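Just target-v9.txt here, compact mmCIF, C-alpha atoms:
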```txt
# COMPACT_ATOMS: atom_id res chain seq x y z
CA LYS A 3 24.39 -20.23 -24.19
CA ASP A 4 23.79 -23.96 -24.41
CA LYS A 5 20.45 -23.26 -26.17
CA LEU A 6 18.24 -25.02 -23.64
CA TYR A 7 15.47 -22.57 -24.46
CA LYS A 8 12.62 -24.83 -23.39
CA ASP A 9 14.23 -25.30 -19.97
CA ALA A 10 14.79 -21.54 -19.67
CA MET A 11 11.11 -20.86 -20.44
CA THR A 12 9.94 -23.49 -17.97
CA THR A 13 12.24 -22.12 -15.29
CA ALA A 14 10.96 -18.58 -15.91
CA ARG A 15 7.36 -19.79 -15.61
CA VAL A 16 8.02 -21.75 -12.42
CA SER A 17 9.87 -18.78 -10.89
CA GLY A 18 6.70 -16.70 -11.10
CA SER A 19 8.84 -13.64 -11.79
CA THR A 20 7.63 -11.10 -14.33
CA GLU A 21 11.13 -9.66 -14.55
CA ILE A 22 12.72 -13.02 -15.44
CA ALA A 23 10.06 -13.82 -18.05
CA GLU A 24 10.35 -10.41 -19.70
CA ASP A 25 14.17 -10.57 -19.68
CA LEU A 26 13.92 -13.92 -21.43
CA LEU A 27 11.60 -12.37 -24.03
CA ARG A 28 14.14 -9.59 -24.59
CA TYR A 29 16.89 -12.17 -24.98
CA PHE A 30 14.93 -13.96 -27.71
CA VAL A 31 14.31 -10.66 -29.49
CA GLU A 32 17.98 -9.60 -29.28
CA SER A 33 19.21 -13.01 -30.41
CA GLY A 34 16.86 -12.97 -33.42
CA ASN A 35 14.81 -16.00 -32.38
CA PRO A 36 11.16 -15.20 -33.19
CA ALA A 37 9.97 -18.79 -32.70
CA CYS A 38 11.27 -18.83 -29.12
CA PHE A 39 9.78 -15.35 -28.56
CA SER A 40 6.37 -16.74 -29.51
CA ALA A 41 6.86 -19.92 -27.47
CA CYS A 42 7.89 -17.87 -24.43
CA LEU A 43 4.72 -15.78 -24.75
CA PHE A 44 2.71 -19.00 -24.58
CA THR A 45 4.73 -20.52 -21.74
CA CYS A 46 4.92 -17.38 -19.60
CA TYR A 47 1.52 -15.95 -20.56
CA ASP A 48 0.48 -15.08 -16.98
CA LEU A 49 3.80 -13.42 -16.15
CA VAL A 50 4.47 -11.06 -19.03
CA ARG A 51 2.83 -7.64 -19.20
CA SER A 52 0.92 -6.90 -22.38
CA ASP A 53 2.47 -3.45 -22.86
CA VAL A 54 5.97 -4.95 -22.80
CA VAL A 55 4.97 -7.61 -25.31
CA MET A 56 3.35 -5.04 -27.58
CA GLU A 57 6.38 -2.75 -27.52
CA LEU A 58 8.86 -5.55 -28.19
CA ALA A 59 6.74 -6.96 -31.01
CA TRP A 60 6.17 -3.59 -32.62
CA ARG A 61 9.76 -2.34 -32.38
CA HIS A 62 11.26 -5.55 -33.72
CA GLY A 63 8.73 -6.59 -36.37
CA LEU A 64 7.36 -9.50 -34.37
CA THR A 65 3.67 -8.64 -34.49
CA ASN A 66 2.81 -11.86 -36.31
CA GLU A 67 4.58 -13.89 -33.64
CA ALA A 68 2.81 -11.96 -30.86
CA MET A 69 -0.65 -12.05 -32.43
CA PRO A 70 -1.77 -15.37 -30.84
CA TYR A 71 -0.85 -13.87 -27.44
CA PHE A 72 -2.91 -10.75 -28.13
CA ILE A 73 -5.89 -12.68 -29.48
CA ASN A 74 -5.97 -14.72 -26.28
CA LEU A 75 -5.49 -11.60 -24.14
CA VAL A 76 -8.38 -9.77 -25.83
CA ARG A 77 -10.60 -12.82 -25.44
CA GLU A 78 -9.73 -13.02 -21.74
CA TYR A 79 -10.53 -9.32 -21.25
CA GLN A 80 -13.80 -9.69 -23.16
CA ASN A 81 -14.82 -12.57 -20.88
CA LYS A 82 -14.06 -10.41 -17.84
CA VAL A 83 -16.09 -7.51 -19.22
CA ASP A 84 -18.99 -9.83 -20.04
CA THR A 85 -18.92 -11.27 -16.52
CA LEU A 86 -18.84 -7.81 -14.92
CA THR A 87 -21.65 -6.57 -17.16
CA SER A 88 -23.78 -9.54 -16.20
CA GLU A 89 -23.09 -9.03 -12.50
CA VAL A 90 -23.97 -5.32 -12.69
CA SER A 91 -27.21 -6.13 -14.53
CA ASP A 92 -28.10 -8.71 -11.89
CA LEU A 93 -27.39 -6.23 -9.09
CA LYS A 94 -29.50 -3.53 -10.75
CA ALA A 95 -32.39 -5.97 -11.13
CA LYS A 96 -32.04 -7.01 -7.49
CA VAL A 97 -32.10 -3.37 -6.31
CA GLU A 98 -35.19 -2.65 -8.39
CA ARG A 99 -36.97 -5.75 -7.00
CA ASN A 100 -36.15 -4.71 -3.45
CA GLY A 101 -37.88 -1.35 -3.74
CA GLY A 102 -35.16 0.69 -5.37
CA GLY A 103 -37.33 1.36 -8.41
CA ASN A 104 -40.24 3.09 -6.59
CA GLY A 105 -39.09 6.61 -7.38
CA ALA A 106 -37.51 7.15 -3.98
CA ALA A 107 -34.28 9.05 -3.70
CA PRO A 108 -31.15 6.93 -4.04
CA ALA A 109 -29.51 5.66 -0.91
CA ALA A 110 -27.05 7.98 0.79
CA ASN A 111 -24.16 5.80 -0.26
CA GLY A 112 -25.53 4.97 -3.69
CA PRO A 113 -23.70 5.19 -6.97
CA ASN A 114 -24.92 8.75 -7.65
CA GLN A 115 -23.08 10.22 -4.68
CA LEU A 116 -19.69 11.67 -5.46
CA MET A 117 -18.20 12.17 -2.04
CA GLY A 118 -19.03 9.52 0.51
CA PRO A 119 -22.30 9.03 2.36
CA ALA A 120 -24.81 11.81 1.70
CA GLY A 121 -22.42 13.91 -0.34
CA LEU A 122 -20.04 16.52 1.01
CA GLY A 123 -19.47 16.32 4.73
CA GLY A 124 -22.45 14.06 5.33
CA ARG A 125 -24.88 16.61 3.83
CA LEU A 126 -26.41 17.09 0.46
CA LEU A 127 -25.97 20.75 -0.29
CA LEU A 128 -28.83 21.01 -2.76
CA GLY A 129 -31.81 23.33 -2.42
CA PRO A 130 -33.61 24.50 0.72
CA GLY A 131 -33.58 22.31 3.75
CA ALA A 132 -33.17 22.31 7.48
CA PRO A 133 -30.68 24.84 8.84
CA ALA A 134 -27.24 23.71 9.85
CA PRO A 135 -26.94 22.44 13.44
CA ASN A 136 -25.11 25.59 14.52
CA ALA A 137 -27.09 28.04 12.39
CA GLY A 138 -26.03 31.61 12.91
CA GLY A 139 -22.64 30.50 14.10
CA ASN A 140 -19.47 30.15 12.21
CA LEU A 141 -17.32 27.15 11.52
CA PHE A 142 -16.26 26.99 15.16
CA GLY A 143 -19.82 27.07 16.53
CA ASN A 144 -19.59 30.40 18.33
CA ALA A 145 -22.43 32.60 17.07
CA GLY A 146 -21.62 36.26 16.58
CA GLN A 147 -17.90 35.82 17.22
CA SER A 148 -15.17 35.58 14.68
CA ALA A 149 -13.05 32.52 14.33
CA PRO A 150 -9.65 32.59 16.00
CA GLY A 151 -7.16 34.42 13.79
CA SER A 152 -9.81 35.54 11.31
CA MET A 153 -9.79 38.94 9.63
CA SER A 154 -13.34 39.93 10.47
CA GLY A 155 -14.62 42.23 13.17
CA SER A 156 -14.13 45.84 14.12
CA GLN A 157 -10.42 45.95 13.39
CA PHE A 158 -11.26 45.96 9.66
CA GLY A 159 -14.34 48.17 9.77
CA GLY A 160 -16.75 45.26 10.17
CA PHE A 161 -15.87 43.61 6.91
```
What is this structure when it is put down as structure tokens?
Amino acid sequence: KDKLYKDAMTTARVSGSTEIAEDLLRYFVESGNPACFSACLFTCYDLVRSDVVMELAWRHGLTNEAMPYFINLVREYQNKVDTLTSEVSDLKAKVERNGGGNGAAPAANGPNQLMGPAGLGGRLLLGPGAPAPNAGGNLFGNAGQSAPGSMSGSQFGGF
């Protein structure tokens, strides 16, 4: 109310609270103060969420005031993507140098496995291979007997 907007922005930044920073942004929008909206985006850059900024700017015609924020945000994301791409490329090269590129099957916990080490239940269920440890048995390991509570056996005609 006393229009100490700079102090309010600094206090919001120091508080480290996303809620306080976004409430201050909403206050500047509701009070019709686009310059303070833009200044608050700069001051509280690390606290405000980009989706909140985008919605406020779009709904209230403040896209020009929010554009510097979004340009910086996109640049920051691009730097992160570039860093991650470089790290992945380095890791791939390292794996290939260490014998990963000799045509051997990928490691059991490699990136091509969908469900944990060696696929489903610790086994790759592809093609012929060694029989299961309890071959001829059922899930409970008792060969020739039905599982407890199952509907197989003579009571149903052997089905």
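Considering only C-alpha atoms, the residue among A:Ser40, A:Gln80, A:Thr45, A:Ser33 positioned nearest to Ala10 in chain A is A:Thr45.
CA of Glu57 in chain A to CA of Leu27 in chain A spans 11.5 Å [interatomic distance, one decimal].
Atom pair CA of Val55 in chain A / CA of Phe39 in chain A: separated by 9.7 Å.
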Expected answer as JSON, numbers by chain: all residues with atoms within 9 Å of (14.7, -17.4, -18.8), all atoms listed in the file = {"A": [7, 8, 9, 10, 11, 12, 13, 14, 15, 22, 23, 24, 25, 26, 27, 29, 42]}
When you draw a straight line from CA of Glu21 in chain A to CA of Tyr79 in chain A, how long is it in Å?
-> 22.7 Å
With 8 Å of padding per side, what axis-aligned box (centre and edge lengths, Å, one decimal) covers all the listed atoms of range 89-98 of chain A? Give it as JSON.
```
{"center_x": -29.1, "center_y": -5.8, "center_z": -10.4, "size_x": 28.1, "size_y": 22.4, "size_z": 24.2}
```
Residue contacts of Ala68 in chain A (10 Å, only C-alpha atoms) excluding same-chain residues fewer than 3 positions away, as a PyMOL selection string | chain A and resi 36+39-41+43-44+55-56+58-60+63-65+71-73
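Nearest residue to Asn35 in chain A, choosing from A:Lys5, A:Ser19, A:Leu49, A:Val54 and counting all atoms listed in the file: A:Lys5.
Shortest atom-to-atom contact with Asn66 in chain A among A:Val50, A:Val97, A:Ala37, A:Val83: A:Ala37, counting only C-alpha atoms.
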Could you give me range 79-102 of chain A completed to N, CA, C and O atoms, formatted as a PDB file, in the coordinates of the input?
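Saved to selection.pdb:
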```
ATOM      1  N   TYR A  79      -9.944 -10.591 -21.700  1.00  0.00           N
ATOM      2  CA  TYR A  79     -10.530  -9.320 -21.250  1.00  0.00           C
ATOM      3  C   TYR A  79     -12.008  -9.241 -21.595  1.00  0.00           C
ATOM      4  O   TYR A  79     -12.806  -8.744 -20.807  1.00  0.00           O
ATOM      5  N   GLN A  80     -12.389  -9.726 -22.766  1.00  0.00           N
ATOM      6  CA  GLN A  80     -13.800  -9.690 -23.160  1.00  0.00           C
ATOM      7  C   GLN A  80     -14.633 -10.557 -22.220  1.00  0.00           C
ATOM      8  O   GLN A  80     -15.732 -10.187 -21.832  1.00  0.00           O
ATOM      9  N   ASN A  81     -14.110 -11.716 -21.842  1.00  0.00           N
ATOM     10  CA  ASN A  81     -14.820 -12.570 -20.880  1.00  0.00           C
ATOM     11  C   ASN A  81     -14.992 -11.864 -19.545  1.00  0.00           C
ATOM     12  O   ASN A  81     -16.053 -11.960 -18.917  1.00  0.00           O
ATOM     13  N   LYS A  82     -13.962 -11.151 -19.098  1.00  0.00           N
ATOM     14  CA  LYS A  82     -14.060 -10.410 -17.840  1.00  0.00           C
ATOM     15  C   LYS A  82     -15.106  -9.301 -17.936  1.00  0.00           C
ATOM     16  O   LYS A  82     -15.900  -9.102 -17.006  1.00  0.00           O
ATOM     17  N   VAL A  83     -15.109  -8.572 -19.032  1.00  0.00           N
ATOM     18  CA  VAL A  83     -16.090  -7.510 -19.220  1.00  0.00           C
ATOM     19  C   VAL A  83     -17.503  -8.085 -19.268  1.00  0.00           C
ATOM     20  O   VAL A  83     -18.427  -7.546 -18.654  1.00  0.00           O
ATOM     21  N   ASP A  84     -17.682  -9.188 -19.975  1.00  0.00           N
ATOM     22  CA  ASP A  84     -18.990  -9.830 -20.040  1.00  0.00           C
ATOM     23  C   ASP A  84     -19.471 -10.267 -18.660  1.00  0.00           C
ATOM     24  O   ASP A  84     -20.636 -10.083 -18.299  1.00  0.00           O
ATOM     25  N   THR A  85     -18.572 -10.834 -17.877  1.00  0.00           N
ATOM     26  CA  THR A  85     -18.920 -11.270 -16.520  1.00  0.00           C
ATOM     27  C   THR A  85     -19.312 -10.080 -15.658  1.00  0.00           C
ATOM     28  O   THR A  85     -20.329 -10.119 -14.950  1.00  0.00           O
ATOM     29  N   LEU A  86     -18.521  -9.004 -15.708  1.00  0.00           N
ATOM     30  CA  LEU A  86     -18.840  -7.810 -14.920  1.00  0.00           C
ATOM     31  C   LEU A  86     -20.149  -7.166 -15.360  1.00  0.00           C
ATOM     32  O   LEU A  86     -20.947  -6.723 -14.522  1.00  0.00           O
ATOM     33  N   THR A  87     -20.399  -7.125 -16.654  1.00  0.00           N
ATOM     34  CA  THR A  87     -21.650  -6.570 -17.160  1.00  0.00           C
ATOM     35  C   THR A  87     -22.839  -7.371 -16.664  1.00  0.00           C
ATOM     36  O   THR A  87     -23.853  -6.811 -16.239  1.00  0.00           O
ATOM     37  N   SER A  88     -22.713  -8.677 -16.695  1.00  0.00           N
ATOM     38  CA  SER A  88     -23.780  -9.540 -16.200  1.00  0.00           C
ATOM     39  C   SER A  88     -24.020  -9.333 -14.719  1.00  0.00           C
ATOM     40  O   SER A  88     -25.169  -9.241 -14.267  1.00  0.00           O
ATOM     41  N   GLU A  89     -22.942  -9.242 -13.939  1.00  0.00           N
ATOM     42  CA  GLU A  89     -23.090  -9.030 -12.500  1.00  0.00           C
ATOM     43  C   GLU A  89     -23.735  -7.690 -12.185  1.00  0.00           C
ATOM     44  O   GLU A  89     -24.582  -7.597 -11.295  1.00  0.00           O
ATOM     45  N   VAL A  90     -23.369  -6.643 -12.911  1.00  0.00           N
ATOM     46  CA  VAL A  90     -23.970  -5.320 -12.690  1.00  0.00           C
ATOM     47  C   VAL A  90     -25.450  -5.357 -13.050  1.00  0.00           C
ATOM     48  O   VAL A  90     -26.283  -4.808 -12.321  1.00  0.00           O
ATOM     49  N   SER A  91     -25.792  -6.015 -14.139  1.00  0.00           N
ATOM     50  CA  SER A  91     -27.210  -6.130 -14.530  1.00  0.00           C
ATOM     51  C   SER A  91     -28.004  -6.875 -13.464  1.00  0.00           C
ATOM     52  O   SER A  91     -29.123  -6.475 -13.121  1.00  0.00           O
ATOM     53  N   ASP A  92     -27.428  -7.944 -12.942  1.00  0.00           N
ATOM     54  CA  ASP A  92     -28.100  -8.710 -11.890  1.00  0.00           C
ATOM     55  C   ASP A  92     -28.286  -7.857 -10.635  1.00  0.00           C
ATOM     56  O   ASP A  92     -29.347  -7.898 -10.000  1.00  0.00           O
ATOM     57  N   LEU A  93     -27.280  -7.086 -10.264  1.00  0.00           N
ATOM     58  CA  LEU A  93     -27.390  -6.230  -9.090  1.00  0.00           C
ATOM     59  C   LEU A  93     -28.434  -5.134  -9.279  1.00  0.00           C
ATOM     60  O   LEU A  93     -29.189  -4.818  -8.357  1.00  0.00           O
ATOM     61  N   LYS A  94     -28.489  -4.551 -10.469  1.00  0.00           N
ATOM     62  CA  LYS A  94     -29.500  -3.530 -10.750  1.00  0.00           C
ATOM     63  C   LYS A  94     -30.900  -4.123 -10.643  1.00  0.00           C
ATOM     64  O   LYS A  94     -31.803  -3.509 -10.071  1.00  0.00           O
ATOM     65  N   ALA A  95     -31.081  -5.309 -11.199  1.00  0.00           N
ATOM     66  CA  ALA A  95     -32.390  -5.970 -11.130  1.00  0.00           C
ATOM     67  C   ALA A  95     -32.757  -6.273  -9.682  1.00  0.00           C
ATOM     68  O   ALA A  95     -33.912  -6.098  -9.270  1.00  0.00           O
ATOM     69  N   LYS A  96     -31.794  -6.697  -8.896  1.00  0.00           N
ATOM     70  CA  LYS A  96     -32.040  -7.010  -7.490  1.00  0.00           C
ATOM     71  C   LYS A  96     -32.442  -5.743  -6.724  1.00  0.00           C
ATOM     72  O   LYS A  96     -33.364  -5.778  -5.904  1.00  0.00           O
ATOM     73  N   VAL A  97     -31.773  -4.634  -6.969  1.00  0.00           N
ATOM     74  CA  VAL A  97     -32.100  -3.370  -6.310  1.00  0.00           C
ATOM     75  C   VAL A  97     -33.507  -2.922  -6.680  1.00  0.00           C
ATOM     76  O   VAL A  97     -34.280  -2.478  -5.831  1.00  0.00           O
ATOM     77  N   GLU A  98     -33.859  -3.046  -7.947  1.00  0.00           N
ATOM     78  CA  GLU A  98     -35.190  -2.650  -8.390  1.00  0.00           C
ATOM     79  C   GLU A  98     -36.268  -3.539  -7.768  1.00  0.00           C
ATOM     80  O   GLU A  98     -37.341  -3.059  -7.409  1.00  0.00           O
ATOM     81  N   ARG A  99     -36.012  -4.833  -7.630  1.00  0.00           N
ATOM     82  CA  ARG A  99     -36.970  -5.750  -7.000  1.00  0.00           C
ATOM     83  C   ARG A  99     -37.159  -5.449  -5.521  1.00  0.00           C
ATOM     84  O   ARG A  99     -38.220  -5.653  -4.962  1.00  0.00           O
ATOM     85  N   ASN A 100     -36.096  -4.967  -4.877  1.00  0.00           N
ATOM     86  CA  ASN A 100     -36.150  -4.710  -3.450  1.00  0.00           C
ATOM     87  C   ASN A 100     -36.615  -3.304  -3.113  1.00  0.00           C
ATOM     88  O   ASN A 100     -36.339  -2.799  -2.047  1.00  0.00           O
ATOM     89  N   GLY A 101     -37.307  -2.657  -4.022  1.00  0.00           N
ATOM     90  CA  GLY A 101     -37.880  -1.350  -3.740  1.00  0.00           C
ATOM     91  C   GLY A 101     -37.052  -0.186  -4.206  1.00  0.00           C
ATOM     92  O   GLY A 101     -37.386   0.945  -3.917  1.00  0.00           O
ATOM     93  N   GLY A 102     -35.981  -0.409  -4.876  1.00  0.00           N
ATOM     94  CA  GLY A 102     -35.160   0.690  -5.370  1.00  0.00           C
ATOM     95  C   GLY A 102     -35.772   1.375  -6.568  1.00  0.00           C
ATOM     96  O   GLY A 102     -35.409   2.481  -6.901  1.00  0.00           O
TER      97      GLY A 102
END
```
